[in-house]
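Structure data follow from model_14.cif (mmCIF, C-alpha atoms and all ligand atoms):
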```cif
data_run
#
loop_
_atom_site.label_atom_id
_atom_site.label_comp_id
_atom_site.auth_asym_id
_atom_site.auth_seq_id
_atom_site.Cartn_x
_atom_site.Cartn_y
_atom_site.Cartn_z
CA MET A 13 15.10 11.89 -41.18
CA ARG A 14 15.82 8.22 -40.93
CA ARG A 15 19.10 8.93 -39.24
CA ALA A 16 17.51 11.14 -36.67
CA LEU A 17 14.88 8.53 -35.97
CA LEU A 18 17.25 5.65 -35.24
CA PRO A 19 18.60 6.78 -31.90
CA LEU A 20 15.07 7.54 -30.76
CA VAL A 21 14.00 4.00 -31.58
CA CYS A 22 16.99 2.66 -29.62
CA VAL A 23 16.15 4.76 -26.60
CA ALA A 24 12.52 3.67 -26.75
CA SER A 25 13.41 -0.02 -26.96
CA ALA A 26 15.97 0.27 -24.13
CA TRP A 27 13.29 1.90 -22.01
CA ALA A 28 10.83 -0.91 -22.64
CA GLN A 29 13.34 -3.71 -22.09
CA PRO A 30 11.60 -6.27 -19.88
CA LEU A 31 13.00 -7.02 -16.47
CA THR A 32 15.13 -10.16 -16.23
CA SER A 33 17.34 -11.66 -13.55
CA PRO A 34 21.02 -10.78 -13.77
CA PRO A 35 22.81 -13.51 -15.79
CA ASP A 36 24.36 -16.48 -14.01
CA ALA A 37 28.15 -16.52 -13.78
CA PRO A 38 29.42 -19.32 -16.06
CA ASP A 39 30.65 -22.38 -14.17
CA LEU A 40 34.19 -23.07 -15.42
CA GLU A 41 34.49 -26.44 -13.70
CA ALA A 42 33.24 -29.72 -15.12
CA ALA A 43 32.92 -31.50 -11.75
CA ASP A 44 29.32 -31.72 -10.55
CA ASP A 45 29.90 -30.60 -7.00
CA VAL A 46 32.26 -27.68 -7.72
CA VAL A 47 31.16 -24.28 -8.99
CA HIS A 48 34.09 -22.25 -10.28
CA VAL A 49 33.45 -18.65 -11.26
CA GLU A 50 35.46 -15.58 -12.17
CA LEU A 51 34.69 -12.13 -10.84
CA ARG A 52 36.49 -9.27 -12.48
CA ALA A 53 36.11 -6.05 -10.47
CA GLU A 54 36.44 -3.25 -13.01
CA VAL A 55 36.01 0.45 -13.50
CA TYR A 56 33.50 1.11 -16.25
CA PRO A 57 35.14 2.98 -19.13
CA GLU A 58 32.42 5.56 -18.56
CA PRO A 59 30.07 5.49 -15.61
CA ARG A 60 27.16 3.19 -16.46
CA GLY A 61 24.03 4.95 -15.35
CA SER A 62 25.01 5.96 -11.88
CA PHE A 63 27.55 3.18 -11.47
CA LEU A 64 31.31 3.53 -11.64
CA TYR A 65 32.37 -0.04 -10.88
CA GLY A 66 31.02 -3.46 -11.75
CA TYR A 67 31.81 -7.16 -11.60
CA ASN A 68 32.22 -8.59 -15.11
CA GLN A 69 30.93 -5.31 -16.61
CA LEU A 70 27.52 -5.95 -15.08
CA ASN A 71 25.27 -4.18 -12.63
CA PRO A 72 24.20 -6.07 -10.59
CA GLY A 73 27.10 -8.51 -10.82
CA PRO A 74 26.45 -12.05 -12.10
CA VAL A 75 24.37 -14.47 -10.06
CA ILE A 76 26.55 -17.16 -8.54
CA ARG A 77 24.39 -20.26 -8.49
CA THR A 78 25.32 -23.27 -6.38
CA ARG A 79 23.58 -26.24 -4.80
CA LEU A 80 23.68 -27.28 -1.19
CA GLY A 81 26.91 -29.18 -0.51
CA ASP A 82 28.80 -27.73 -3.49
CA THR A 83 32.23 -26.19 -3.15
CA LEU A 84 32.44 -22.68 -4.52
CA VAL A 85 35.69 -21.48 -6.08
CA ALA A 86 35.53 -17.77 -6.88
CA GLU A 87 38.51 -16.09 -8.54
CA LEU A 88 38.66 -12.37 -7.97
CA HIS A 89 40.61 -10.34 -10.53
CA ASN A 90 41.05 -6.85 -9.20
CA ALA A 91 41.14 -4.56 -12.23
CA LEU A 92 40.20 -1.52 -10.15
CA ASP A 93 42.62 1.28 -9.41
CA ALA A 94 42.18 0.52 -5.70
CA GLY A 95 42.31 -2.40 -3.28
CA THR A 96 39.19 -4.50 -2.84
CA THR A 97 37.91 -7.77 -1.33
CA VAL A 98 34.90 -10.04 -1.65
CA HIS A 99 32.75 -10.65 1.42
CA TRP A 100 30.13 -13.41 1.30
CA HIS A 101 27.24 -11.89 3.18
CA GLY A 102 25.26 -14.44 5.19
CA VAL A 103 27.47 -17.45 4.41
CA SER A 104 29.35 -19.23 7.20
CA VAL A 105 32.71 -19.22 5.42
CA PRO A 106 36.08 -20.05 7.02
CA TRP A 107 37.43 -16.84 8.53
CA GLU A 108 40.25 -16.45 5.95
CA MET A 109 37.58 -16.36 3.22
CA ASP A 110 35.43 -13.65 4.79
CA GLY A 111 36.95 -10.79 2.78
CA VAL A 112 37.51 -8.44 5.70
CA THR A 113 40.65 -6.44 6.36
CA TRP A 114 40.56 -6.29 10.18
CA MET A 115 43.72 -8.41 10.44
CA GLY A 116 44.95 -8.27 6.85
CA ALA A 117 45.26 -6.29 3.67
CA PRO A 118 42.87 -5.99 0.74
CA VAL A 119 43.61 -7.53 -2.64
CA ALA A 120 45.73 -4.80 -4.24
CA ALA A 121 44.97 -3.21 -7.61
CA GLY A 122 46.00 -5.61 -10.38
CA GLU A 123 46.18 -8.60 -8.04
CA GLU A 124 44.10 -11.75 -7.85
CA ALA A 125 42.67 -13.84 -5.05
CA VAL A 126 40.77 -17.11 -4.82
CA TYR A 127 37.94 -17.60 -2.38
CA THR A 128 36.90 -21.19 -1.84
CA TYR A 129 34.54 -22.81 0.64
CA PRO A 130 31.72 -25.35 0.86
CA VAL A 131 28.13 -24.03 0.87
CA GLU A 132 26.31 -25.66 3.74
CA ARG A 133 23.01 -23.76 3.96
CA ALA A 134 20.47 -23.01 1.27
CA GLY A 135 19.33 -19.44 0.85
CA THR A 136 19.70 -16.13 -0.92
CA PHE A 137 23.02 -14.54 -0.06
CA TRP A 138 25.08 -11.81 -1.66
CA TYR A 139 28.66 -10.79 -2.25
CA HIS A 140 30.28 -7.36 -2.08
CA PRO A 141 33.60 -5.74 -1.07
CA HIS A 142 34.35 -5.27 2.62
CA PHE A 143 37.05 -2.67 2.07
CA ASN A 144 36.08 0.96 1.49
CA THR A 145 32.69 -0.70 1.57
CA GLU A 146 30.54 2.40 1.53
CA GLN A 147 32.19 3.72 -1.61
CA GLN A 148 32.66 0.42 -3.48
CA VAL A 149 29.15 -0.96 -2.92
CA ASP A 150 27.68 2.42 -3.79
CA ALA A 151 29.74 2.39 -6.98
CA GLY A 152 28.08 -0.88 -8.04
CA LEU A 153 30.10 -3.85 -6.74
CA TYR A 154 27.62 -6.49 -5.59
CA GLY A 155 25.81 -9.59 -6.77
CA VAL A 156 23.56 -12.39 -5.54
CA LEU A 157 24.74 -15.84 -4.43
CA VAL A 158 22.00 -18.47 -4.62
CA VAL A 159 22.37 -21.76 -2.79
CA GLU A 160 19.65 -24.07 -4.07
CA ASP A 161 18.26 -26.95 -2.06
CA PRO A 162 17.45 -29.93 -4.32
CA ALA A 163 14.62 -30.83 -1.89
CA GLU A 164 12.73 -27.69 -2.90
CA PRO A 165 10.28 -27.75 -5.82
CA VAL A 166 11.23 -26.16 -9.11
CA PRO A 167 9.02 -23.20 -10.08
CA ASP A 168 8.09 -22.37 -13.69
CA ALA A 169 10.32 -19.31 -13.49
CA GLU A 170 12.64 -17.53 -11.10
CA LEU A 171 13.23 -13.79 -10.83
CA ILE A 172 16.12 -12.31 -8.91
CA VAL A 173 15.45 -8.73 -7.92
CA VAL A 174 18.31 -6.54 -6.74
CA LEU A 175 17.20 -3.19 -5.40
CA ASP A 176 19.57 -0.27 -5.18
CA THR A 177 19.28 3.47 -5.18
CA GLU A 178 20.90 5.78 -7.66
CA SER A 179 24.48 6.45 -6.64
CA GLU A 180 24.88 8.86 -3.80
CA HIS A 181 28.30 10.01 -5.05
CA HIS A 182 26.76 13.07 -6.58
CA ASP A 183 24.48 13.79 -3.64
CA PRO A 184 25.27 17.35 -2.55
CA ALA A 185 23.99 16.60 0.98
CA PRO A 186 26.69 16.06 3.58
CA ARG A 187 27.71 12.47 4.17
CA HIS A 188 25.84 12.10 7.44
CA GLY A 189 22.67 13.44 5.86
CA HIS A 190 21.94 10.08 4.17
CA GLY A 191 19.36 9.18 6.75
CA ARG A 192 17.12 12.05 5.82
CA ALA A 193 17.43 11.49 2.10
CA THR A 194 16.49 7.86 2.24
CA SER A 195 12.68 8.07 2.23
CA ARG A 196 12.87 9.77 -1.17
CA ALA A 197 15.39 7.37 -2.67
CA ARG A 198 15.29 6.88 -6.44
CA TRP A 199 15.17 3.12 -6.77
CA LEU A 200 16.69 0.94 -9.45
CA VAL A 201 15.63 -2.69 -10.06
CA ASN A 202 18.46 -4.80 -11.51
CA GLY A 203 20.01 -1.52 -12.62
CA GLN A 204 16.85 -0.30 -14.42
CA THR A 205 14.87 2.77 -13.53
CA VAL A 206 11.46 2.08 -12.03
CA PRO A 207 8.87 0.92 -12.68
CA ALA A 208 10.46 -1.95 -14.61
CA THR A 209 8.16 -4.34 -16.48
CA TYR A 210 8.27 -8.09 -15.90
CA GLN A 211 6.45 -10.36 -18.35
CA ALA A 212 4.84 -13.32 -16.60
CA THR A 213 2.72 -16.10 -18.06
CA GLY A 214 -0.74 -16.84 -16.68
CA GLY A 215 -1.07 -20.12 -14.78
CA THR A 216 2.59 -20.25 -13.69
CA THR A 217 4.56 -20.00 -10.48
CA VAL A 218 7.48 -17.58 -10.15
CA ARG A 219 9.98 -17.80 -7.33
CA VAL A 220 11.22 -14.30 -6.49
CA ARG A 221 14.39 -13.65 -4.53
CA VAL A 222 14.86 -10.04 -3.42
CA LEU A 223 18.02 -8.31 -2.16
CA ASN A 224 18.23 -4.75 -0.89
CA ALA A 225 21.77 -3.82 -1.95
CA SER A 226 21.44 -0.11 -1.24
CA ASN A 227 23.83 1.66 1.09
CA ALA A 228 21.30 3.36 3.31
CA SER A 229 17.71 3.04 2.04
CA TYR A 230 14.85 0.79 3.08
CA VAL A 231 12.04 -0.73 1.06
CA ALA A 232 8.63 -1.67 2.44
CA LEU A 233 7.40 -4.01 -0.30
CA ARG A 234 3.75 -4.57 -1.15
CA TRP A 235 1.71 -6.37 -3.77
CA PRO A 236 -1.64 -8.15 -3.68
CA ASN A 237 -1.82 -11.63 -2.10
CA MET A 238 1.82 -11.60 -0.97
CA ARG A 239 3.23 -15.08 -0.29
CA HIS A 240 6.44 -14.85 1.74
CA ILE A 241 8.25 -18.20 1.63
CA GLY A 242 11.92 -17.53 2.27
CA GLY A 243 14.14 -15.59 4.59
CA GLU A 244 17.85 -14.92 4.43
CA GLN A 245 18.86 -18.43 5.44
CA GLY A 246 16.50 -20.68 3.53
CA LEU A 247 12.76 -21.25 3.72
CA LEU A 248 10.67 -19.71 6.47
CA PRO A 249 9.19 -22.23 8.96
CA SER A 250 5.81 -21.82 7.24
CA LEU A 251 4.09 -19.80 4.53
CA GLN A 252 3.51 -16.19 5.61
CA THR A 253 1.04 -13.81 3.99
CA PRO A 254 1.97 -10.36 5.33
CA GLU A 255 0.65 -7.04 4.07
CA ARG A 256 4.19 -5.94 3.36
CA VAL A 257 7.83 -6.85 4.00
CA VAL A 258 10.42 -4.28 5.09
CA LEU A 259 13.98 -4.88 3.90
CA GLY A 260 16.81 -2.75 5.22
CA PRO A 261 20.23 -2.57 3.52
CA GLY A 262 21.73 -6.05 3.22
CA GLN A 263 18.49 -7.94 3.89
CA ARG A 264 16.91 -10.56 1.59
CA ALA A 265 13.56 -12.31 1.29
CA GLY A 266 11.93 -14.96 -0.89
CA PHE A 267 8.44 -14.96 -2.38
CA GLU A 268 6.13 -17.01 -4.57
CA TRP A 269 4.01 -15.37 -7.26
CA LEU A 270 0.99 -17.36 -8.41
CA VAL A 271 0.39 -15.70 -11.77
CA GLY A 272 -3.21 -15.74 -12.91
CA GLU A 273 -5.37 -13.48 -15.03
CA SER A 274 -4.37 -10.01 -13.96
CA SER A 275 -1.35 -7.79 -13.96
CA PHE A 276 -0.20 -6.28 -10.69
CA SER A 277 2.31 -3.82 -9.33
CA VAL A 278 5.13 -4.32 -6.82
CA SER A 279 5.50 -1.13 -4.88
CA THR A 280 7.37 0.24 -1.90
CA ASP A 281 6.01 2.53 0.77
CA HIS A 282 8.25 5.42 1.66
CA TYR A 283 10.20 4.22 4.65
CA SER A 284 12.64 6.40 6.52
CA LEU A 285 15.39 5.04 8.73
CA ASN A 286 14.55 7.93 11.00
CA GLY A 287 11.51 6.04 12.17
CA GLY A 288 9.68 3.86 9.70
CA ASP A 289 6.77 5.09 7.67
CA ALA A 290 7.14 8.34 5.83
CA LEU A 291 4.56 10.39 3.97
CA GLY A 292 3.89 10.07 0.26
CA ASP A 293 2.32 7.70 -2.21
CA PRO A 294 4.03 4.34 -2.71
CA THR A 295 6.59 4.04 -5.50
CA SER A 296 5.92 1.41 -8.15
CA LEU A 297 9.04 -0.73 -8.62
CA ILE A 298 7.88 -3.52 -10.92
CA ARG A 299 4.85 -3.81 -13.16
CA VAL A 300 4.10 -7.54 -13.54
CA GLU A 301 2.29 -7.94 -16.86
CA VAL A 302 0.54 -11.19 -17.64
CA ASP A 303 0.59 -12.63 -21.11
CA ALA A 304 -1.73 -15.59 -21.84
CA PRO A 305 -3.93 -15.06 -18.75
CA ALA A 306 -5.00 -18.33 -17.11
CA PRO A 307 -6.28 -19.36 -13.71
CA ALA A 308 -3.63 -18.94 -11.01
CA PRO A 309 -1.98 -22.22 -9.95
CA GLU A 310 -1.85 -23.58 -6.42
CA GLY A 311 1.23 -22.80 -4.38
CA LEU A 312 4.13 -25.25 -4.74
CA PRO A 313 4.73 -27.86 -2.01
CA TRP A 314 7.60 -26.04 -0.28
CA PRO A 315 9.18 -28.29 2.38
CA PHE A 316 8.71 -25.72 5.15
CA PRO A 317 10.65 -26.89 8.20
CA GLY A 318 8.14 -25.66 10.84
CA GLY A 319 9.30 -24.97 14.38
CA GLU A 320 8.46 -22.43 17.04
CA PRO A 321 10.73 -19.59 18.21
CA THR A 322 13.30 -20.82 20.74
CA VAL A 323 12.76 -19.75 24.33
CA ASP A 324 15.99 -18.92 26.16
CA ASP A 325 15.77 -16.54 29.10
CA ALA A 326 19.47 -16.79 29.97
CA GLN A 327 21.35 -13.60 30.64
CA ALA A 328 22.94 -11.97 27.61
CA ASP A 329 26.57 -12.89 26.90
CA VAL A 330 27.25 -9.60 25.16
CA VAL A 331 25.36 -6.32 24.99
CA TYR A 332 25.63 -3.95 22.04
CA ALA A 333 24.25 -0.44 22.48
CA LEU A 334 23.79 1.28 19.12
CA ALA A 335 24.23 5.02 19.46
CA GLY A 336 24.88 8.04 17.30
CA SER A 337 23.18 10.88 15.52
CA ASP A 338 22.75 12.44 12.10
CA ARG A 339 23.72 15.75 13.67
CA THR A 340 27.25 14.67 14.61
CA GLY A 341 27.60 11.92 11.99
CA GLU A 342 29.19 9.77 14.71
CA TRP A 343 27.96 6.19 14.96
CA ARG A 344 29.12 3.89 17.76
CA ILE A 345 28.64 0.47 19.31
CA ASN A 346 29.07 0.64 23.11
CA GLY A 347 30.59 4.08 22.66
CA GLU A 348 33.49 2.67 20.63
CA ARG A 349 34.55 3.61 17.13
CA PHE A 350 35.88 0.83 14.91
CA PRO A 351 38.71 -0.25 14.83
CA GLU A 352 39.39 0.87 18.42
CA VAL A 353 37.00 -1.72 19.87
CA THR A 354 36.76 -4.21 22.71
CA VAL A 355 36.76 -7.72 21.23
CA ALA A 356 34.19 -10.02 22.87
CA GLU A 357 35.55 -13.60 23.06
CA PHE A 358 33.59 -16.85 23.11
CA PRO A 359 34.67 -20.48 23.34
CA LEU A 360 33.96 -22.68 20.34
CA ASN A 361 30.41 -24.05 20.16
CA GLN A 362 29.01 -21.86 22.92
CA ALA A 363 25.41 -20.71 22.42
CA VAL A 364 25.75 -16.93 22.61
CA ILE A 365 22.96 -14.53 23.46
CA VAL A 366 23.44 -11.06 22.01
CA ASP A 367 21.45 -8.20 23.42
CA VAL A 368 21.13 -5.30 20.97
CA ARG A 369 19.70 -2.00 22.20
CA ASN A 370 19.09 0.89 19.87
CA VAL A 371 19.47 4.15 21.76
CA SER A 372 19.91 6.26 18.62
CA PRO A 373 17.37 8.21 16.55
CA THR A 374 17.66 5.96 13.45
CA GLU A 375 17.05 2.31 12.63
CA HIS A 376 20.02 -0.02 12.12
CA PRO A 377 20.19 -3.33 10.20
CA PHE A 378 22.46 -5.31 12.52
CA HIS A 379 24.66 -7.87 10.71
CA LEU A 380 26.85 -10.65 12.12
CA HIS A 381 29.53 -12.29 9.98
CA GLY A 382 30.34 -16.00 9.81
CA HIS A 383 27.17 -17.23 11.51
CA HIS A 384 23.40 -17.13 11.36
CA PHE A 385 21.33 -16.25 14.38
CA GLU A 386 17.82 -16.74 15.67
CA VAL A 387 15.75 -13.78 16.85
CA LEU A 388 14.63 -14.72 20.39
CA SER A 389 12.64 -11.60 21.14
CA VAL A 390 11.96 -8.00 20.22
CA ASN A 391 11.04 -5.82 23.19
CA GLY A 392 10.33 -8.92 25.25
CA GLU A 393 8.02 -10.55 22.69
CA PRO A 394 9.03 -13.57 20.61
CA PRO A 395 8.67 -13.04 16.86
CA PRO A 396 5.45 -14.41 15.29
CA TYR A 397 7.40 -17.29 13.75
CA LYS A 398 10.91 -18.69 14.07
CA VAL A 399 13.25 -16.19 12.40
CA VAL A 400 16.73 -17.29 11.31
CA ALA A 401 18.79 -14.52 9.76
CA ASP A 402 22.15 -12.82 9.52
CA THR A 403 20.85 -9.23 9.32
CA TRP A 404 18.06 -7.87 11.51
CA ASN A 405 16.58 -4.40 11.50
CA VAL A 406 16.73 -2.88 14.98
CA ARG A 407 14.17 -0.08 15.10
CA ILE A 408 14.46 3.03 17.23
CA ARG A 409 14.39 2.11 20.95
CA ASP A 410 14.11 -1.61 20.15
CA HIS A 411 15.67 -4.15 22.48
CA VAL A 412 16.42 -7.30 20.48
CA ARG A 413 17.76 -10.60 21.80
CA LEU A 414 19.58 -12.78 19.28
CA ARG A 415 21.08 -16.23 19.77
CA PHE A 416 23.73 -17.99 17.72
CA VAL A 417 26.01 -20.99 18.12
CA ALA A 418 29.64 -19.84 17.97
CA ASP A 419 30.71 -22.75 15.77
CA ASN A 420 33.04 -20.89 13.39
CA PRO A 421 36.43 -19.84 14.82
CA GLY A 422 37.72 -16.42 13.88
CA ASP A 423 37.35 -12.70 14.35
CA TRP A 424 33.91 -11.78 13.06
CA MET A 425 32.78 -8.30 12.17
CA THR A 426 29.44 -7.33 13.56
CA HIS A 427 28.05 -4.03 12.36
CA CYS A 428 25.29 -1.84 11.11
CA HIS A 429 24.65 -2.43 7.38
CA ILE A 430 23.83 1.19 6.71
CA LEU A 431 27.22 1.61 5.13
CA PRO A 432 27.75 5.27 6.07
CA HIS A 433 27.12 4.25 9.70
CA ALA A 434 29.55 1.33 9.49
CA GLY A 435 32.10 3.58 7.80
CA GLU A 436 31.80 6.08 10.63
CA GLY A 437 32.61 3.41 13.19
CA MET A 438 29.40 1.45 13.93
CA MET A 439 31.22 -1.87 13.75
CA THR A 440 32.83 -4.16 16.29
CA VAL A 441 34.46 -7.59 16.45
CA LEU A 442 33.33 -10.82 18.04
CA ARG A 443 35.99 -13.52 18.46
CA VAL A 444 35.21 -17.25 18.43
CA LEU A 445 38.19 -19.06 19.92
CA PRO A 446 39.70 -22.14 18.29
CA GLU A 447 39.28 -25.46 20.05
CU CU A 501 23.20 2.10 11.45
#
```

Would you mind writing the file out in structure tokens?
Ligand SMILES: [Cu+2]
Amino acid sequence: MRRALLPLVCVASAWAQPLTSPPDAPDLEAADDVVHVELRAEVYPEPRGSFLYGYNQLNPGPVIRTRLGDTLVAELHNALDAGTTVHWHGVSVPWEMDGVTWMGAPVAAGEEAVYTYPVERAGTFWYHPHFNTEQQVDAGLYGVLVVEDPAEPVPDAELIVVLDTESEHHDPAPRHGHGRATSRARWLVNGQTVPATYQATGGTTVRVRVLNASNASYVALRWPNMRHIGGEQGLLPSLQTPERVVLGPGQRAGFEWLVGESSFSVSTDHYSLNGGDALGDPTSLIRVEVDAPAPAPEGLPWPFPGGEPTVDDAQADVVYALAGSDRTGEWRINGERFPEVTVAEFPLNQAVIVDVRNVSPTEHPFHLHGHHFEVLSVNGEPPPYKVVADTWNVRIRDHVRLRFVADNPGDWMTHCHILPHAGEGMMTVLRVLPE
């Protein structure tokens, strides 16, 4: 009897395990301004949940935590049976560190590589392979990179939330059917099935950093009294209190929870990349339970930078038309299929206006490597506040104008972050010339 009971107890306690952030990667370097981490890309001996691969036997991979101005040294040990790379999504790294294989080869099975660069902007970034990306990210290779700004206040607690959907490897639907499946995605929070339970203490402030690491599914996050403080590239210009925040694949956001007397639920509306809201009750992702209820604190004094959206009516320097269809499974930028693409070239330090037009029947999170951009306008209207990002969701029929300073020489991928779309060719290259 006892014997039979034991496994049941284990299952029950695993089920009730409270939600925590993924662990930080240990810093192997004594120097204050260097963070040296190891990432071992491995096949799990047996698939873990729905994941086949992981960094350091973890899903999500470890959090790489740095401070503004640090130098990151990340050793990749490729223990997979396939080539891989590490791409640093949202970080303006030197081109050789970007982890793409447009002009080079991946890190072969059994080989090692060292990525090193200074971190020059605070924010919530992430890392993942950029080789066989659709398959390797889906299999579980990703983690969060935090760049802290010492000028920002320290909350009582921090929670890093990585959202992903159960692996699509076993999905019997054809590959280009992902778009239709997405509004019924089965979400995981830091690898746990939902709803996960987070224990918060009354009277405290929690800083929450959220990443959507899924291949092809959107979240439309909601909870009561939402306080949106951070974007992809540091703090927002001012505190925002939206009803909800939509995050497409690859996008991140930062929030502040002022924990008081009552528990609350973080949920997502069903959101289809075939056109936004979909039918059905919201899915609860996280149940925030309050122990020791106490009056909610005031918000922390975040050093919001302020600033209005930039006005720049200049003609676009490059136009990207996003086209394709679920029916054919063909996804193109300007009619071209990566890698047979026209490379747009720009002189160093030019301010570049990118005009993105979505003429397809699905939404596309548009991502630019090596730079951050400002959103000038969406369908002729400036955004409600200054938006600085590296990934922007271009809805069906949207016409978006983006502006960036081409200050990082190299050949930069620019692509849709719905990985099946990128894998089917929705990717191009933008070249910033050396001096
Ligand atoms: Cu797309």

Could you list the protein, DNA and RNA residues that have any atom within 8 Å of ligand CU 501 (chain A), counting all atoms listed in the file, and write them as a count of residues only?
16

Would you kindly identify which residues have an atom no farther than 12 Å from (32.8, 4.1, -16.2), using all atoms listed in the file and the file's own coordinates, and write them out as a PyMOL selection string?
chain A and resi 54-66+69-71+92+151-152

Could you list, as a ChimeraX atom specification, every residue within 12 Å of A:Val159, counting all atoms listed in the file and ignoring same-chain residues fewer than 6 positions away?
/A:47,75-84,102-103,130-138,221,244-247

Å distance separating atom CA of A:Ala37 from atom CA of A:Pro74, one decimal place:
5.1 Å

Check the smallest atom-to-atom distance from each of A:Leu51, A:Val400, A:Ala356, A:Pro307 to A:Pro38 using all atoms listed in the file, then report the winner.
A:Leu51

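With distances restricted to all atoms listed in the file, A:Leu442 is the closest residue to A:Leu380 from A:Thr295, A:Asn420, A:Tyr397, A:Leu442.
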